[in-house]
Structure formats: C-alpha cells, structure tokens
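Undergrad: One structure, pasted below without further comment.
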Amino acid sequence: MPPPVRRIVVDEEPRIVAPQARPAGVVPAQRDAAQARRRITAAKPSVVRERMRVESVWLAYGDNWVVRDVTLPVRQGEVLALIGASGSGKTTLLRSLNRLTEITAGGARAGQITLDGQEIHELEVNDLRRRVSMVFQQPNPFPMSIYDNVAYALAEQRPPRGRRRRRSPELERAAEDALRRAGLYDEVAGDLERSALRLSGGQQQRLCIARALAVQPEVLLLDEPCSALDPISTATIEELIVGLRETVAIVIVTHNLQQAFRVADHVAFMHLGELVEYGTSEQVFDHPIQPRTRDYISGAFG
Amino acid sequence: MEAAGLARAPVDLEVVRPKRQGTGSWPLVDRLGYWFCWATGVALCLIVAGIVIFMFVKGIAYLRPAMFAESPSASLQQSQSGGFLDPIVGTLIITAIGTAIAAPIGVALAAWMSEYARPAVLARAVESGIDVIAGVPSIVLAIFGLLIFTQSFLGFLSQNAASGAVYGRSFFAAGIVMSLIALPLIVGSTREALGQVPDRTREASYALGKTKATTIRRVLLPAIRPDIASGIVLGMGRIIGDTAIITILLGATLTTEPVGSVPLLGTLRGTGSTLTSYVYNNSPAGEGNAPQKAYAAAFVLLMLVLGLNALVTRLTAAGRQRSPLRILLAQLGTWGHRWTR
Amino acid sequence: MLGALAVAVLVLIAAMIVTVFIKAWPSFSHNGLRWFGSGGDVDAQIRAMQASVPIPGHSIDYFRAWPLIWGTLVTTLAAVLLALIVSLFAAIFLTEFAPAVVRRTLEPVIRLLAGVPSVVYGLIGILALAPVINQHLISNSRKHSVGYVVQLNGADLTTATIILAVMITPIMVALIAGALSSVPAAWREGSVALGVNRWRTIVRVSLRTARPAIVAATVLATARALGEAIMLSMVAGGRGFPANPLDGLTFLFEPVKPLAATIVNNAEGLTIPALAQTMYAIAAVLLVSAAMLSFAGWAAKQPLKRYGIRA
C-alpha cells in the first residue's frame, strides 16, 4: 500500500513526536556513535522567506507518471535536500523547477509551480532560467577560458548596446564577485584566461557554481553536485552551499545521506514519485515518522 | 489517486503538455538566423530536386533504346549521329581496369597500414602520401600520367608512331591513372573497417598458431567484406564520373579504335571514349554541338552513379547503421576521417 | 613484401611531384617571376604556342598567366565563401532545427549532390543556367558596352561560381554537421540551463566547438574548387580575360578561364613542347597551392587546441 502523502502548510513547524508517543515495536533510527555526523555550522540566517512553491505537482514522461502529487516550499535562507532511491523522481522534480524537463519531448505536467507567486509557465523561459540556476552532476565547463565561462550568461544577457563587449568593467566585476562567492577566486585570480578544462574536478564544479551565480539567481538547483568529486572537494563545496543559503534559495538532490544531513535544513524524502516525508533535518533523520523513511535512512534499501 | 493508462491527471488538475520551444521570445537577429537555416535547408532540397527533375525530363525526352546499341558516327545531323554504344563500352573497360588495379593494391596497403605499420616513419609517410593523392586534382594526375606513358619504354601500352614517338593515350593509360583516384577511397574504407574489428578476433587467431599474414587473409579480410565492397563501389563511382583523366589520356576518338590486330590487347592499347567524354564532346564546350545526345548520355551517367550510390548504402547498412552523411564522409577519403570523430 | 608495396607507392608519388616540376621548369626559367604577372592576351600566347609561331617581339615560351590566376582566385574564393555561408546554416538546420522526417530526407539528398559527376554539372550549367543568365540578367546595352573586347553570353564568372558552390556545399555540410552533432550534450544543456536561447547556444558553444571541422571543411572545399577542371572549362567562358571589378556589375558577367580549365582546354596540344611546358607549369602551380592549403588548414587549427577543442 503506498504511503500517504502529507500536505505541508507553510510555516508550520512539524510536530516532533516524543519517544513515548511512538507505537510499540517501532525501533528508532540507529545512530552509530562512531560516525559522529556533524552538521556544518554556519550562522542561521535571520530571515527565511518562501521563494518557490511546488503545489500538487504531477510529472509524466509519456504515459508514465514519474512524480506524483508533490507539494513543497522552497525558501531563501535554507537548504532543501531531496533524498530518495534511484527512480524516486527527485531529479525530475528538480529539473521541472527551471523547466528543463521541457527539453525532452513527451513530458506532461499537472499542478502548479510558482516563483515569487508567478506560475513559471507564464514566465519567459530564459528569464526563468536566469532566476532559477542549475548546477549539474558532472562538471560541464565550456571549452573556453575561465573568465568566458563565468561571464557567459551575463554577456548573453546584456542587450547589445552597440556591440556585445567581451570584457567590460561591469562584466569583470560581476565575474570576480561570482568567483569569490564560489570560493574559487583566490585559486584562479592569477590567470583568468586559462582554459577552464585544465582545472581539477572540484575546481571545475566550483566554476560551474560561479557560472550559475553570476546571473544573481534567486534559486540555485544542484543535482548531485559532489557525486563525481573527491571528499576534499566535496567538503569545500558543502561549506560553500551552506554559506550561500542566506542570499539564494538552495535545492539539492543527493544520494548521499550523510551529505544531506550535513548541509540541509529541510529534507524531503521521495519514493517512487511520491513525497513520503518532509521535515527539518533533525526530524527526518533522527525521528522519522514513516516506516519507509526509517528503512531508507537505516539503509534497508536504496 | 492512481493515474491509469495514458497520462491523465486526477480530475481536478489540468495537465500541461509543453510544446516545442517557440522562437517568439528571441531577439530579431536570432530569429533571422533561425529562418535563414530553414531557408537553406529548403533551398538545398529544391536545388537537388531541380537537378534531378531537369536531367530526368531532358534525358527521357532524348533517350532512345537504340542508342544503347549503336556506335556514334560523325554527322552534323543529330538524328544520324548514332548512339553511345562505344562510350558505354569505354566506361566499362576503364572502370574494370581501374578497379582491378586499385582494389588489390588498396586492400593490401590498408592491411599493411593497419596491421604492420613498421617502421613508423614509413607508415606516416604512406598515410601522407595517400592524403596527397586524394588531394591532388585529377587533371594534374592526368598530365603526370601522360608524361609517364609517353616514355618509350612504355610504348607497348599505347600506339607508337613511325617516328618513334609514343602516343601515350590509350585505355591502359587512362585506366592505370584512374586507379590512382580510386585508391584513397578503397584504402580509407578498408582501414576504417579494420580498425573496427576488435582485437580479440586477432588474438583468437594468433592463439591458434596462425601467422599474421594468414590471419589477415583468412580472418580479417573476410570479416570486413562489405566494407571493402563499399570502398570499391565508391571508387568505381569516382572513376565513372571523372572526365579530366579521360580527356587527357584517352584520345579524342568517338569510337573505339584498336591498335594492332591482337583482339583484346589491341582495344586496350587503342583509344576510344567514355560516357563522360561523350557528354563533354557533345556539349557546346566540346567539338560536337549535339545537346540532345549530351542530355541522353548524361542521364544514363547520372542513373549509373545514383545506382552505385544506392548500392553503397545497401552494403554499409547491412553492416552498420550509418547515416548517409557518414557514408559521404567516408567518400571523402582519408581527409574526412581525420577531421571527424 | 607489403612494405615494399608501400615504398613503391611513395616512390610513385614523389616521382610525380618531381617530374611535374622538372617539366615545368623551362617555362618558369624563360619567363621568370613575370610568369605570374600580366602582359598581353593569354589566349593569343597559347595560340602562338599551338601554331609554333612566336608572337612578334617575344620568344615562343612567352607566357603571362595573371588572367588565369585571377580567374581562379575569383571563382574559387567566391564559391567557397558562398558555400561556407550556405553550408553553415544548412548544417545547423540539419542538426538542430530539422524535424526528424526532414532530416531523413535531406541527408540522402546531400549525398546525392556530392555524387553527381562534374560533367553533368557542366552540362546543366552551360545548357540551363547560362542561357537563363544570358537572357534575363545581361541586358543588350551591357553586351554592347564591352562588345569590342569580349562577348557576354552567360558563360561567365557568376555561372561558374554558382555551380562550383553547389558542387562543394555537400562536403562542407557533411563535415560541419558531423562535428555539430558530436558536441557533448552536457555543454548544450548547461548553456540552455543558464537561460541562453537555443540560437545563441549554437553560436557560442556548438559552432565554437566545431571550429576545427569548419576549418577542415573550408580547406577541403577550396582544394576541390581549385582542382575542378571539367565543369569550369564548360561553363566559365573559356576566354582568358581578366575580369575587371572596375567594370561594375558587368564584372559579374565577364568570362574567365581558371587554371585547371586551361589544361583541359589544351589537352590535344600537349605534344607541342612549348605548350606542354606551360601546361606542366600550371600543374605545378596547382600542386603547390594544394600543399599550401593543407598547411594553412593545419596552422589554423593549432590555436584551437588551447581551449580543449579537440581537433
């Protein structure tokens, strides 16, 4: 029997069930003391406001419903992690947030996705994608110099007043700013004309993040950004993500439960297209309510 | 709440199917680019349709079945100038000679380049050499050929004048030079095919104690037969369509003029014409002024080449699914291979 | 044994290049560097060689090839430029915008175009295109205006350029479309995800990645255009006349005689020593041009390796 869907009301703090209220026979999630998982501590932002809202969304490819009736808020000031096994629909849901699902033919959507109150299908698609940026699993820097990569979307955005200038003072400033926010500036400041493909994997991924940040997006989508990287690069990028949440709403899809625990404020667990459980990080990992969530977190499947 | 069958949402939600992204929101410059792309695509189709339909109409109008059986005869009247039996025979002879020389040499060279390639300097030089042949215009190959075949020690390949000068123009001469232009195509096809044969096939043969030569002969070459065949057909297509070598090296006679009395050898030492030179000579650019005959012969020529094209498609489609453009790239010889993946 | 075959082929090629230059040498040595210059009517010079009667005041080897070189340059460059523009847009259309049905029709069509023999192109040019241009584009007044020097009859620079462009377009489209379809999807997707529309993505990412192939296509097409002899001898007008851009629009309709076509036109006269030397000299020029083109293509691709664009 499929698990019931919980409807989320905005700003409602999820109820934390006290241990004695749990039904008999249910075992709390095991936490291995040796694996002291630490949350990345960063200053909790002062204001948390909702940026996007996913409302009763169904997504299909062909005649296959891949995402079923999901409702989620995306807030600036926090990191939302989508976790779940392969095929749970989390990547599809992520890609629908910036309408990247439209690239493949044969998709269908029901429900509402709004950005700052506006339905995203009514926005101009390229405009939407500048406000909702994406970083992919495999670092994909263009075969150009580092500067050209970061300034890419910005250079395209400027209306050609006369000529598109490759290196105008505003573009250079914006590129430097983006590189700083991505934590890459110090490493590449010496030579921005170097080919982006010569950077290491972690640096390339940070370059992609810088490239996505250069257009000053409101929401940043990350599709398993560290799965192709070594642990040190992963740690760098995770710190980066947590640091960015103040200015950008962040949604991250990840396979790595420890990573979700480290970076996320809210966690949404999806299974076979449905939203099984949504709550704060502590609540979902330490006191999961749904049995399926408990099974996934304890590693029984996935 | 389960949606069954086709993607139908639960009743109260409306399903949105995104259409292919329109260009409405693009700046004007980008939209112009988009339309220009469509325009060139359509224009290419129209040009090809125009060429084929034009040649078809003109060819059918002037082609008579009798033409296939009659020899051309010099006459100012188009209705009495005969058919193009000799040119067709000429084309067949040239293609046969050219292919007979190019095929074994090409396959052998390709096998050497793929399986031996020692010393490395020689291998690179040969590869460059094949590139050079592929890139040299056929007219230059033709007059180089003339230079060679007018040397007295090659007099047996063509006619010798009483003064001792060698005429140098004959079916032999033209056929041998034609083999040069077919060579890069055969080498390219065979090499690419040999590169596709997995190493484990070779290793299996060596493990059975076979020598490299036997492996090539008994295992590898039979495995790539369709590709060798397609390379040969590509070469034949190139030979059939080439006119420059014919005008320089086959002499300008309308009919086949054998030299000497030995039956086959005399013809090969003699001069004649092919479909291509027949079309050229009957056009306003040549001596004759018989556009009707030119159209008819050109139509036959075009059908021949298109037929060979279709044959190549059949041969390569049998082996691998290849888009027509990839086949065309193979046709460009080693040059094309080097610059695409 | 196979190695010996390889060596034999190499020796043959080397012999070809060497002998062409040896036979060409007398023509160059008699005329010096002025062989490439202009001086008199090149048709008259060739006729003089055929008749073995030297032009008064000059030796039998006197030859000034500039009108032929000019004709070659103009037709080749114009045709390559035209074909490059058409091929770029057609290749983009083929890989990005064409619906699947259209693509499946267009690819064999392009391959068909590449297979048509040059003599058929020449026939269509001289019997179909030239009369149309003659009747509709060249006015009688224009013909009179240059009538004392040259006849305008539709077999001219424009006709030759158009047909040459059609001949070389298929190979360019094939090479460029092949490269465009090999652009990694990750780059295209990344660009679209940044809010850049499809056209700008093509221009800034796909075309940039395909630059080595575009260079290769241009080199290959130029080599093909340089070497095209038969079609041009049928269609370009056959007069060794240096088409004069200062004539305004008439320039487009003046006949030319490119280098390769000259060799074909004089195919029968190759027994005459003076003429043969001149023709070999022309062949030598063609050989050197082909080699220079090859080198130019290699040189143009070197800077692209810097940004990881695999050539």
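Here's how to read the names in the structure tokens: chain A, B, ... by the order shown, residue numbers from 1 in each chain, ligand numbers from 1 in the order shown.
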Residues of chain A no more than 10 Å from chain B, counting only C-alpha atoms: send them over as an MDAnalysis selection string.
TA: chainID A and resid 56:65 68:69 99 101:112 121 124:126 159
Undergrad: Which residues of chain B are close to chain C, meaning at most 7 Å apart when you count only C-alpha atoms, and how do they look as a PyMOL selection string?
TA: chain B and resi 30+36-38+40-41+45+48+108-109+112+126+129+135-137+139-140+144+241-244+247-248+276+280+283+285+298+302+305+324-325+328-329+339-340
Undergrad: What does the distance from CA of Thr159 (chain C) to CA of Ala44 (chain C) come to in Å, to one decimal?
TA: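 Pair CA of Thr159 (chain C) / CA of Ala44 (chain C) returns 24.5 Å.
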Undergrad: Would you list which chain A residues are within 9 Å of chain C using only C-alpha atoms, as a PyMOL selection string?
TA: chain A and resi 98-100+103+125-136+138-145+152-153+156-157+194-198+211-212+215
Undergrad: Would you list, as a PyMOL selection string, the residues of region 71-175 of chain A that end up in strand (DSSP E) under DSSP run on this structure's backbone?
TA: chain A and resi 71-76+79-83+107-115+118-119+132-135
Undergrad: Find the distance between CA of Gln196 (chain B) and CA of Ile224 (chain B) and write it in Å to one decimal.
TA: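 Computed distance, CA of Gln196 (chain B) to CA of Ile224 (chain B), equals 9.2 Å.
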Undergrad: Within region 52-169 of chain A, find each residue whose DSSP state, derived from the backbone, is helix (DSSP H, G or I), and express the selection as number ranges by chain.
TA: A: 90-97, 100-103, 120-122, 125-131, 146-157, 169
Undergrad: Suppose you want the space between CA of Leu184 (chain A) and CA of Ile209 (chain A); what is it in Å?
TA: 9.6 Å
Undergrad: Measuring between only C-alpha atoms, which one of B:Pro65, B:Gly307, B:Gly260, B:Gly98 shows the shortest distance to Phe84 (chain B)?
TA: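 Among B:Pro65, B:Gly307, B:Gly260, B:Gly98, it is B:Pro65 that comes nearest to Phe84 (chain B).
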